[in-house]
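Peer 1: Next up is a structure, given as structure tokens.
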Amino acid sequence: KNEVEQSPQNLTAQEGEFITINCSYSVGISALHWLQQHPGGGIVSLFMLSSGKKKHGRLIATINIQEKHSSLHITASHPRDSAVYICAVTQLSGGTASKLTFGTGTRLQVTL
Amino acid sequence: DAGVIQSPRHEVTEMGQEVTLRCKPISGHNSLFWYRQTMMRGLELLIYFNNNVPIDDSGMPEDRFSAKMPNASFSTLKIQPSEPRDSAVYFCASSFRASGPWDTQYFGPGTRLTVL
């Protein structure tokens, strides 16, 4: 079992739909990251969070530390949101943040 | 701002050759990360530096891989000798470590390495 699991692996949505991507982890963490990788390969860091919720434009990220779960929401989805979304966690080791572990990504396709 | 700069963008080499990948982090950033991405294994952290000092190199696959950061504005990842299984996209990222080593990271465009 991977330490970071994402669901779904693939997601197709129509423009305007509300989208949710989930991330579950099984290790102690100090922070969780959401990354976006565009079809051209470029990677953009969307959020880093350790509690609660963060919002940036149409993107919202939440984390529940007790349940070891995070969600990334996209409101009013648009074809330009089509990308691979990657969840990553910073693991705790001896009380200090160390290893960064990635999920396998969720491939999102938003159609007109 | 120029962002994180990586060179070359593409590299094709033959097995056994030495490969050097280069990275220039964003000015003012004090943490630098090298990642590798393959279809089979996804994204993996290879090594990261803080204030030019290697902090965690546990992700470096084997002795054929080495990384240096001689100053705050330059880092190299070297593979010697290269093997076909090293074929991947190598990303460099930088961040400003304020409260922790994993503040928001800014990724370079990546170097696509093909080892024949």
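Chain labels follow the order of the structure tokens: the first chain is A, the next B, and so on; residue numbering restarts at 1 in every chain, and ligands are counted from 1 in their shown order.
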May I have the residues of chain A within 7 Å of chain B, counting only C-alpha atoms, written as an MDAnalysis selection string?
Peer 2: chainID A and resid 42:45 48 100 102 104
Peer 1: Any chance you could export the current selection's C-alpha atoms as a short mmCIF file (atom, residue, chain, number, x, y, z; two decimals), in the first residue's frame?
Peer 2:
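Below you can see result_38.cif, which holds the result:
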data_model
loop_
_atom_site.label_atom_id
_atom_site.label_comp_id
_atom_site.auth_asym_id
_atom_site.auth_seq_id
_atom_site.Cartn_x
_atom_site.Cartn_y
_atom_site.Cartn_z
CA GLY A 42 5.59 22.06 -16.26
CA ILE A 43 4.87 21.71 -12.53
CA VAL A 44 3.25 24.39 -10.42
CA SER A 45 2.89 24.27 -6.67
CA MET A 48 0.95 23.82 0.95
CA LEU A 100 8.66 14.22 0.67
CA PHE A 102 4.24 11.83 -3.78
CA THR A 104 0.62 8.94 -8.34
#
Peer 1: Find the residues around stretch 1-9 of chain B up to 12 Å (only C-alpha atoms counted), leave out those fewer than 2 positions away in its own chain, and share them as a PyMOL selection string.
Peer 2: (chain A and resi 41-44) or (chain B and resi 11-12+19-29+31-34+73-77+88-95+105-114)
Peer 1: Find the residues near A:Gln109: any atom within 12 Å, counting only C-alpha atoms, skip ones fewer than 4 places away on the same chain, and give them as a compact mmCIF listing (two decimals) with all heavy atoms, in the first residue's frame.
Peer 2:
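Once written, selection-v8.txt looks like this:
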# COMPACT_ATOMS: atom_id res chain seq x y z
N GLN A 9 -7.97 8.12 -10.23
CA GLN A 9 -6.75 8.19 -11.03
C GLN A 9 -6.99 9.04 -12.27
O GLN A 9 -6.09 9.76 -12.72
CB GLN A 9 -6.31 6.79 -11.44
CG GLN A 9 -5.65 6.01 -10.32
CD GLN A 9 -5.03 4.73 -10.83
OE1 GLN A 9 -5.69 3.99 -11.57
NE2 GLN A 9 -3.81 4.47 -10.46
N ASN A 10 -8.18 8.88 -12.83
CA ASN A 10 -8.55 9.65 -14.02
C ASN A 10 -9.93 10.25 -13.81
O ASN A 10 -10.79 9.61 -13.21
CB ASN A 10 -8.56 8.76 -15.26
CG ASN A 10 -7.18 8.24 -15.61
OD1 ASN A 10 -6.36 8.95 -16.15
ND2 ASN A 10 -6.92 6.99 -15.27
N LEU A 11 -10.12 11.44 -14.32
CA LEU A 11 -11.39 12.13 -14.13
C LEU A 11 -11.70 12.97 -15.36
O LEU A 11 -10.85 13.76 -15.80
CB LEU A 11 -11.30 13.03 -12.89
CG LEU A 11 -12.52 13.84 -12.48
CD1 LEU A 11 -13.71 12.94 -12.25
CD2 LEU A 11 -12.21 14.64 -11.22
N THR A 12 -12.87 12.77 -15.90
CA THR A 12 -13.33 13.59 -17.02
C THR A 12 -14.56 14.37 -16.57
O THR A 12 -15.47 13.80 -15.97
CB THR A 12 -13.68 12.71 -18.23
OG1 THR A 12 -12.51 11.99 -18.63
CG2 THR A 12 -14.12 13.58 -19.40
N ALA A 13 -14.56 15.64 -16.83
CA ALA A 13 -15.67 16.49 -16.42
C ALA A 13 -16.03 17.44 -17.55
O ALA A 13 -15.21 17.72 -18.44
CB ALA A 13 -15.30 17.28 -15.17
N GLN A 14 -17.24 17.93 -17.49
CA GLN A 14 -17.67 18.95 -18.45
C GLN A 14 -17.41 20.33 -17.86
O GLN A 14 -17.48 20.53 -16.63
CB GLN A 14 -19.15 18.77 -18.79
CG GLN A 14 -19.41 17.59 -19.72
CD GLN A 14 -20.78 17.67 -20.35
OE1 GLN A 14 -21.75 18.02 -19.68
NE2 GLN A 14 -20.87 17.35 -21.63
N GLU A 15 -17.17 21.26 -18.74
CA GLU A 15 -16.93 22.63 -18.32
C GLU A 15 -18.02 23.11 -17.38
O GLU A 15 -19.21 22.90 -17.64
CB GLU A 15 -16.86 23.55 -19.54
CG GLU A 15 -16.51 25.00 -19.19
CD GLU A 15 -16.40 25.86 -20.44
OE1 GLU A 15 -16.81 25.41 -21.53
OE2 GLU A 15 -15.90 27.00 -20.31
N GLU A 17 -18.43 22.10 -14.25
CA GLU A 17 -18.67 21.15 -13.16
C GLU A 17 -17.77 21.44 -11.96
O GLU A 17 -16.67 21.98 -12.10
CB GLU A 17 -18.46 19.71 -13.63
CG GLU A 17 -19.57 19.18 -14.51
CD GLU A 17 -19.38 17.69 -14.81
OE1 GLU A 17 -18.56 17.04 -14.13
OE2 GLU A 17 -20.06 17.19 -15.71
N ILE A 19 -15.40 19.93 -9.19
CA ILE A 19 -14.53 18.76 -9.21
C ILE A 19 -13.87 18.57 -7.84
O ILE A 19 -13.47 19.54 -7.20
CB ILE A 19 -13.43 18.94 -10.29
CG1 ILE A 19 -14.05 18.84 -11.68
CG2 ILE A 19 -12.30 17.92 -10.12
CD1 ILE A 19 -13.17 19.35 -12.77
N HIS A 38 1.03 20.43 -16.02
CA HIS A 38 0.33 20.66 -17.27
C HIS A 38 0.79 19.66 -18.33
O HIS A 38 1.85 19.06 -18.20
CB HIS A 38 0.58 22.09 -17.74
CG HIS A 38 -0.18 23.09 -16.94
ND1 HIS A 38 -1.51 23.36 -17.17
CD2 HIS A 38 0.17 23.87 -15.90
CE1 HIS A 38 -1.94 24.26 -16.32
NE2 HIS A 38 -0.94 24.59 -15.53
N PRO A 39 -0.01 19.52 -19.39
CA PRO A 39 0.35 18.56 -20.45
C PRO A 39 1.76 18.77 -20.99
O PRO A 39 2.41 17.82 -21.40
CB PRO A 39 -0.72 18.80 -21.51
CG PRO A 39 -1.91 19.29 -20.74
CD PRO A 39 -1.34 20.11 -19.61
N SER A 77 -15.26 24.44 -13.32
CA SER A 77 -14.11 23.93 -14.06
C SER A 77 -14.10 24.42 -15.51
O SER A 77 -15.13 24.71 -16.12
CB SER A 77 -14.09 22.42 -14.01
OG SER A 77 -15.27 21.89 -14.61
N HIS A 78 -12.86 24.50 -16.02
CA HIS A 78 -12.64 25.02 -17.37
C HIS A 78 -11.63 24.11 -18.06
O HIS A 78 -10.79 23.51 -17.39
CB HIS A 78 -12.08 26.45 -17.25
CG HIS A 78 -12.00 27.18 -18.55
ND1 HIS A 78 -10.92 27.05 -19.40
CD2 HIS A 78 -12.86 28.04 -19.14
CE1 HIS A 78 -11.13 27.79 -20.46
NE2 HIS A 78 -12.29 28.40 -20.33
N PRO A 79 -11.70 24.02 -19.39
CA PRO A 79 -10.73 23.15 -20.09
C PRO A 79 -9.27 23.45 -19.74
O PRO A 79 -8.44 22.54 -19.74
CB PRO A 79 -11.02 23.43 -21.57
CG PRO A 79 -12.49 23.70 -21.59
CD PRO A 79 -12.76 24.47 -20.31
N ARG A 80 -8.94 24.69 -19.40
CA ARG A 80 -7.55 24.99 -19.05
C ARG A 80 -7.14 24.38 -17.71
O ARG A 80 -5.96 24.39 -17.35
CB ARG A 80 -7.32 26.50 -19.02
CG ARG A 80 -8.08 27.25 -17.97
CD ARG A 80 -7.69 28.72 -17.93
NE ARG A 80 -8.52 29.48 -16.99
CZ ARG A 80 -9.61 30.15 -17.36
NH1 ARG A 80 -9.99 30.16 -18.62
NH2 ARG A 80 -10.31 30.80 -16.45
N ASP A 81 -8.13 23.84 -16.96
CA ASP A 81 -7.80 23.13 -15.72
C ASP A 81 -7.30 21.71 -16.00
O ASP A 81 -6.85 21.02 -15.07
CB ASP A 81 -9.03 23.05 -14.80
CG ASP A 81 -9.52 24.40 -14.35
OD1 ASP A 81 -8.67 25.32 -14.16
OD2 ASP A 81 -10.74 24.57 -14.22
N SER A 82 -7.39 21.28 -17.25
CA SER A 82 -6.95 19.93 -17.61
C SER A 82 -5.46 19.79 -17.32
O SER A 82 -4.63 20.54 -17.85
CB SER A 82 -7.24 19.65 -19.09
OG SER A 82 -8.62 19.73 -19.34
N ALA A 83 -5.14 18.83 -16.48
CA ALA A 83 -3.77 18.65 -16.03
C ALA A 83 -3.73 17.42 -15.14
O ALA A 83 -4.76 16.80 -14.86
CB ALA A 83 -3.28 19.88 -15.24
N VAL A 84 -2.54 17.09 -14.68
CA VAL A 84 -2.39 16.06 -13.65
C VAL A 84 -2.19 16.77 -12.31
O VAL A 84 -1.35 17.66 -12.19
CB VAL A 84 -1.20 15.13 -13.93
CG1 VAL A 84 -1.01 14.13 -12.79
CG2 VAL A 84 -1.39 14.39 -15.25
N TYR A 85 -2.97 16.38 -11.33
CA TYR A 85 -2.89 16.98 -10.00
C TYR A 85 -2.24 15.97 -9.06
O TYR A 85 -2.70 14.83 -8.96
CB TYR A 85 -4.28 17.40 -9.51
CG TYR A 85 -4.83 18.54 -10.34
CD1 TYR A 85 -5.47 18.29 -11.54
CD2 TYR A 85 -4.66 19.86 -9.94
CE1 TYR A 85 -5.94 19.34 -12.33
CE2 TYR A 85 -5.13 20.91 -10.71
CZ TYR A 85 -5.76 20.65 -11.91
OH TYR A 85 -6.21 21.68 -12.68
Peer 1: When you count only C-alpha atoms, which of these residues is closest to B:Met60: B:Lys78, B:Ser87, B:Phe96, B:Ala72?
Peer 2: B:Lys78
Peer 1: Provide the atom CA of A:Leu72 to atom CA of A:Asn22 distance in Å, to one decimal place.
Peer 2: 6.5 Å
Peer 1: Between atom CA of A:Ile74 and atom CA of A:Pro8, what is the spacing in Å?
Peer 2: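 Those two atoms sit 14.3 Å apart.
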Peer 1: Could you name the residues that touch stretch 3-7 of chain A at 10 Å or less, counting only C-alpha atoms, but leaving out those on the same chain fewer than 2 positions away, as a compact mmCIF listing (two decimals) with N, CA and C atoms, in the first residue's frame?
Peer 2:
# COMPACT_ATOMS: atom_id res chain seq x y z
N LYS A 1 0.86 -1.19 0.00
CA LYS A 1 0.00 0.00 0.00
C LYS A 1 0.89 1.24 0.00
N GLN A 9 -7.97 8.12 -10.23
CA GLN A 9 -6.75 8.19 -11.03
C GLN A 9 -6.99 9.04 -12.27
N ASN A 10 -8.18 8.88 -12.83
CA ASN A 10 -8.55 9.65 -14.02
C ASN A 10 -9.93 10.25 -13.81
N LEU A 11 -10.12 11.44 -14.32
CA LEU A 11 -11.39 12.13 -14.13
C LEU A 11 -11.70 12.97 -15.36
N THR A 20 -13.78 17.33 -7.43
CA THR A 20 -13.09 17.00 -6.18
C THR A 20 -12.08 15.89 -6.44
N ILE A 21 -10.87 16.11 -5.99
CA ILE A 21 -9.82 15.11 -6.04
C ILE A 21 -9.39 14.83 -4.60
N ASN A 22 -9.25 13.56 -4.29
CA ASN A 22 -8.98 13.16 -2.91
C ASN A 22 -7.56 12.62 -2.74
N CYS A 23 -7.04 12.82 -1.54
CA CYS A 23 -5.71 12.33 -1.19
C CYS A 23 -5.75 11.79 0.23
N SER A 24 -5.33 10.56 0.39
CA SER A 24 -5.24 9.95 1.72
C SER A 24 -3.80 9.54 1.97
N TYR A 25 -3.37 9.65 3.21
CA TYR A 25 -2.00 9.29 3.54
C TYR A 25 -1.98 8.49 4.83
N SER A 26 -0.92 7.74 5.00
CA SER A 26 -0.89 6.80 6.13
C SER A 26 0.25 7.08 7.10
N VAL A 27 0.96 8.20 6.90
CA VAL A 27 2.11 8.50 7.75
C VAL A 27 1.89 9.84 8.44
N LYS A 68 -6.44 12.00 8.21
CA LYS A 68 -5.33 11.84 7.26
C LYS A 68 -5.86 11.89 5.82
N HIS A 69 -6.55 12.98 5.54
CA HIS A 69 -7.20 13.11 4.25
C HIS A 69 -7.22 14.57 3.82
N SER A 70 -7.02 14.76 2.52
CA SER A 70 -7.08 16.10 1.95
C SER A 70 -7.89 16.04 0.67
N SER A 71 -8.54 17.12 0.36
CA SER A 71 -9.27 17.23 -0.90
C SER A 71 -8.87 18.51 -1.62
N TYR A 85 -2.97 16.38 -11.33
CA TYR A 85 -2.89 16.98 -10.00
C TYR A 85 -2.24 15.97 -9.06
N ILE A 86 -1.19 16.41 -8.41
CA ILE A 86 -0.37 15.52 -7.59
C ILE A 86 -0.40 15.96 -6.14
N CYS A 87 -0.66 15.01 -5.28
CA CYS A 87 -0.63 15.25 -3.84
C CYS A 87 0.72 14.76 -3.31
N ALA A 88 1.30 15.50 -2.40
CA ALA A 88 2.56 15.10 -1.78
C ALA A 88 2.54 15.46 -0.31
N VAL A 89 3.22 14.66 0.50
CA VAL A 89 3.26 14.94 1.94
C VAL A 89 4.69 15.03 2.39
N GLN A 91 6.85 14.07 5.30
CA GLN A 91 6.76 13.15 6.42
C GLN A 91 7.55 13.65 7.61
N THR A 101 6.95 12.63 0.01
CA THR A 101 6.42 11.47 -0.70
C THR A 101 5.25 11.89 -1.56
N PHE A 102 5.23 11.41 -2.80
CA PHE A 102 4.24 11.83 -3.78
C PHE A 102 3.19 10.76 -4.01
N GLY A 103 1.97 11.20 -4.29
CA GLY A 103 0.96 10.32 -4.83
C GLY A 103 1.19 10.13 -6.32
N THR A 104 0.42 9.26 -6.93
CA THR A 104 0.62 8.94 -8.34
C THR A 104 -0.08 9.90 -9.27
N GLY A 105 -0.87 10.80 -8.70
CA GLY A 105 -1.49 11.82 -9.54
C GLY A 105 -2.88 11.47 -10.00
N THR A 106 -3.67 12.49 -10.27
CA THR A 106 -5.00 12.36 -10.84
C THR A 106 -5.02 13.14 -12.15
N ARG A 107 -5.32 12.43 -13.21
CA ARG A 107 -5.36 13.09 -14.53
C ARG A 107 -6.77 13.62 -14.77
Peer 1: Which parts of chain B does DSSP call strand (DSSP E or B) when run on the backbone here, written out as number ranges by chain?
Peer 2: B: 5-7, 10-13, 19-24, 31-38, 42-50, 53-56, 65-71, 74-79, 88-95, 106-107, 111-115
Peer 1: Could you name the residues that touch A:Lys54 at 12 Å or less, counting only C-alpha atoms, but leaving out those on the same chain fewer than 2 positions away, as a ChimeraX atom specification?
Peer 2: /A:32-34,46-52,56-63,70-73
